[in-house]
Structures are given as structure tokens and as C-alpha cells.
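S.K.: My questions will all concern the structure given below.
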Amino acid sequence: MTVPVPAPKFGVLRSWKTAPYLVGAGLAMMGDNIEHVITYLVLWNTFHSPVLVGFQLVSHWLPFLLLSVYAGALAERFDCRRIIQIAQGLFMFVSLCWGVLFLTGTLQLWQACVLLVLHGLAGCLWGPAEQMMLYDFAGREQLPSAVRMNATFRSLGVLFGPVVGSALLLLFGATGGIFANIVFYLPLTLFLTRTSFTGHSREGRMMAKRVSLWQSFRVLGTVRRDRVIMGMLVLAALASVSIGAVLQTAMPAFGTALTPPGVDGELVYGALLFALGIGGVAGGFFLEASGWFKPTVRTAVISSITFGAFAMIFAFTGLLWVAVVALVLTGFSQITATSTGQAIVQLEAPPGQRGRVLGAYSMFGPGMQTFSGVTVGVLGSLLGIPITVIIGGAVLMAGAVLTGLYMRRAPRRAAL
């Protein structure tokens, strides 16, 4: 792979073509997380169902696992602006339905399950089209920067979504808060009515042929023959299965274990979550400002190794300050690995199959988080949560080393 020439630092944020898109994506991701904060609380208070808690995780990530490649095929065939607007409209519709059900007091379990699935489908539909728009906005030269900044703004949304969601709960209650959440999806939706980029402008063509769900998976045959793309998919899958959402899901257990005598446990829990989130946000801005980490296979492998290593340190330590530092570095490593992998996949993907290849990355990355509940539930109950995270970190480190060796045998397109 030929590494693009260096682009101006923060160049995508200086452009009125791209900056509103990145900010809008961050706000939409914040809306996504606000909805989780409000609805998960209401669902627990209403049904007190551990099974529903598990379904919340599965319904969010299973569409990524099953439908991301097909969503990529749709992004290749249609105007990506419209696909993203449909996804945002679906997010808003789901929030509206939650609000009506809360307001009328008619929420039933089957309705909750349907809305949770629709929310997961909206996220799945959004992913490949969003990445194709980044390529269209930034071009090949600035694509790594655009992917990095997009990941950073989405991390900002993840970081502050729970804060804003909690504030909306306090100010307006669950009903008013979920109605207010609709506003966070509007900036991106409205901006896409004004931009001329379609996700296909630079290549000048859309895929005319209709592709079925089954046919879309044929792209995996293409991916299998490309060691670099396949390596990035494997790294994404390893990170998702071994650690993935495990840290956030298990954070209450760590918060309890790390709380010193006389200190508020909720404060420690919040500090741990904030440390993980701020590591990703600060890491994204640092990567862009320093220019030290290029979008190479070497960067992807090393950052995956450090991701696992710092997660192990966090799980092993009994000192709060060490845990906080380890989580910041874990977040830094995670965003480095994710943004690098996405950029490489974009640059390596055949132009006529970019959407489906990006969909494959979503399937192997976010989609594999479907199984993180198994990691927490089965291993956590047998060995304990800290040992589970330590094992996950070790698996990620070993897997990253083996994947790096596998990619060394690829044609010399990317530095390792």
C-alpha cells in the first residue's frame, strides 16, 4: 500500500465541506448514547429483567454482524446522503416512539424489543455510508485524517452522551428527555440536504446492479485474498471479542473493587468511565496534532498489542490511580487501532467494492461485540471479571502478533 502524502494537520476541521459533517456525526452519536441512558433506565425500572438487559446488548450489535455487508452494498448503489438521512430518521422515529409510550404509560415488553432492534438497524445502516462519505469529502490524501477525526468526534459523543442523558433525565424526566433527544439527530440530517457530495462524487459512478443479501457476502472472497485487509478485519474482530464492550459492561464491578474506604463508589465508577472515554478523545486529537502515527500495518498491530496490554494492567492493579492511567492509555490505544484499521481498509478496498468491504469491517469489528456478552457472562461467572479481562487482553496481544506475522507475507504495500 502506498501511504498518502502528509495532509495539513486538522485540515478536515478547517474545511466547511467536512467539519459540519464530523460535528453532526458526533452529535448523532451523542443522541445514540443519550437514548441508551434514558431507555435502559426505564426498561430496568419497568421490567426488572436481566434477560432484557442481555437482549439490549444483542439487539444493538447483532444487526452489524448480520447486515453490515449488505448495508455496504446499499451504500455502493445509492446516494449515501439519503441512506444516512434514512438512518437518522429511523433513530428519530425510535426516540419518538419511546416518548409516546412513556407518555401514555403503555410500554410493553414486545414493543421495547422491536424498538431496540430498530435502533440497532439504524446504526448498522449508517456505518458504511458514513465512511464512504468521508472518502468523498476528504479524498485519498486526507482520508486518514478524516477517519481519525470522525472517530474522535464519535468518541466525544460516546463520552458526553451519558452526561447529557443524565442531565436531561434530571431536567425533563424520561419522557421529556427522550423527546428532546430527537434534536441531536437533526444537524447531520439537515447538513446532508445542503452538501453536494454523495459518497460517489470522486469515483463518478454508483453500482447499478442490484445485490441480494446473500450475494453481498461474496465480497468476503475478495477480502480473503488480500492479506492486509484480512489482517485488519481479524484485528478488529479480536479486539471486539476479547475486550470489546467488556470493559464498559464490567465497569461497575471494577468501580466497587477499586473504591477506597470512605470514598463514594459512584464517583469512582464515573471516574473510570470518564478515563476510558477521555483517553479515546485525547488520543484522537493527539494523533492528528503530532502526526507521529502513520496509517500503516505496523501502527495497527502495535496499537492493538498496547490496547490489550493496558487493559490487562487495569484489570490487574488494585490501585485507583494506576487504574485511571491504564484506562486513559487503553482508550488511546483503542482509537489508534480502530482509526488506523478503518483508514487502511478504505485505502486498500477495490473502488467498486468499497462499501461492502467497509461493511465487512463493521461486521468483524462492531458486529463481533455481539459475543462480548458471552465473554462477560460465561468467563466472568467462572473466573471472575478481572481474570476475564486479563485473559482477553492476553488473547488480543497474542492474536495481534500472529496477525502481524501473517500480514508480513503480503505484498509490500504497507510498512510493518
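Residue numbering restarts at 1 in every chain; chains get A, B, ... in the order shown in the C-alpha cells, and ligands count up from 1 in that same order.
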Sorted by chain and rising residue number, list the residues of stretch 131-227 of chain A at most 10 Å from stretch 291-306 of chain A (counting only C-alpha atoms), each with its closest atom pair and distance in Å to one decimal, as CSV.
M.R.:
residue,atom,partner,partner_atom,distance
A:Leu143,CA,A:Pro295,CA,9.9
A:Pro144,CA,A:Pro295,CA,6.6
A:Ser145,CA,A:Pro295,CA,9.4
A:Arg148,CA,A:Pro295,CA,9.9
S.K.: Please produce an output containing C-alpha atoms for each residue in the selection, written as a short mmCIF file (atom, residue, chain, number, x, y, z; two decimals), in the first residue's frame.
M.R.:
data_model
loop_
_atom_site.label_atom_id
_atom_site.label_comp_id
_atom_site.auth_asym_id
_atom_site.auth_seq_id
_atom_site.Cartn_x
_atom_site.Cartn_y
_atom_site.Cartn_z
CA LEU A 143 -8.66 10.21 4.32
CA PRO A 144 -6.61 9.00 7.34
CA SER A 145 -7.11 12.40 8.98
CA ARG A 148 -9.24 9.80 12.74
#
S.K.: Nearest residue to A:Phe307 out of A:Ile387, A:Ala337, A:Leu13, A:Leu169, using only C-alpha atoms?
M.R.: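 Selected residue with least distance to A:Phe307: A:Ala337.
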S.K.: Do you have the atom CA of A:Gly161-atom CA of A:Trp110 distance handy?
M.R.: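 For atom CA of A:Gly161 relative to atom CA of A:Trp110, the distance reads 26.1 Å.
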S.K.: What's around A:Ile313 at 12 Å? Count only C-alpha atoms, leave out sequence neighbours fewer than 4 positions away in its own chain, and write the answer as an MDAnalysis selection string.
M.R.: chainID A and resid 306:309 317:330 386:387 389:394
S.K.: Create the file for the chosen residues now, containing C-alpha atoms and written as an mmCIF file, in the first residue's frame.
M.R.:
data_model
loop_
_atom_site.group_PDB
_atom_site.id
_atom_site.type_symbol
_atom_site.label_atom_id
_atom_site.label_comp_id
_atom_site.auth_asym_id
_atom_site.auth_seq_id
_atom_site.Cartn_x
_atom_site.Cartn_y
_atom_site.Cartn_z
ATOM 1 C CA THR A 306 -0.882 -1.993 23.629
ATOM 2 C CA PHE A 307 -4.695 -1.999 23.758
ATOM 3 C CA GLY A 308 -4.580 -5.492 25.223
ATOM 4 C CA ALA A 309 -1.608 -4.732 27.478
ATOM 5 C CA THR A 317 -3.962 -3.397 39.561
ATOM 6 C CA GLY A 318 -5.588 -2.683 42.881
ATOM 7 C CA LEU A 319 -4.521 0.970 42.889
ATOM 8 C CA LEU A 320 -7.070 3.520 41.729
ATOM 9 C CA TRP A 321 -4.574 5.964 40.213
ATOM 10 C CA VAL A 322 -2.860 3.189 38.245
ATOM 11 C CA ALA A 323 -6.256 2.011 37.000
ATOM 12 C CA VAL A 324 -7.184 5.518 35.827
ATOM 13 C CA VAL A 325 -3.893 5.964 33.957
ATOM 14 C CA ALA A 326 -4.201 2.496 32.419
ATOM 15 C CA LEU A 327 -7.725 3.271 31.212
ATOM 16 C CA VAL A 328 -6.624 6.533 29.600
ATOM 17 C CA LEU A 329 -3.895 4.658 27.734
ATOM 18 C CA THR A 330 -6.362 1.892 26.862
ATOM 19 C CA PRO A 386 -10.708 -9.157 36.388
ATOM 20 C CA ILE A 387 -9.335 -12.536 35.228
ATOM 21 C CA VAL A 389 -10.271 -9.032 31.173
ATOM 22 C CA ILE A 390 -6.704 -10.218 31.719
ATOM 23 C CA ILE A 391 -7.337 -13.279 29.537
ATOM 24 C CA GLY A 392 -8.973 -11.075 26.901
ATOM 25 C CA GLY A 393 -6.005 -8.720 26.857
ATOM 26 C CA ALA A 394 -3.565 -11.609 26.524
#
S.K.: Please list as a PyMOL selection string every residue within 9 Å of A:Glu35, counting only C-alpha atoms and excluding residues in the same chain fewer than 3 positions away.
M.R.: chain A and resi 30-32+38-40+95+161-162+165+177-178+181
S.K.: Which distance in Å separates atom CA of A:Val263 and atom CA of A:Leu247, to one decimal?
M.R.: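 Interatomic distance here is 21.7 Å.
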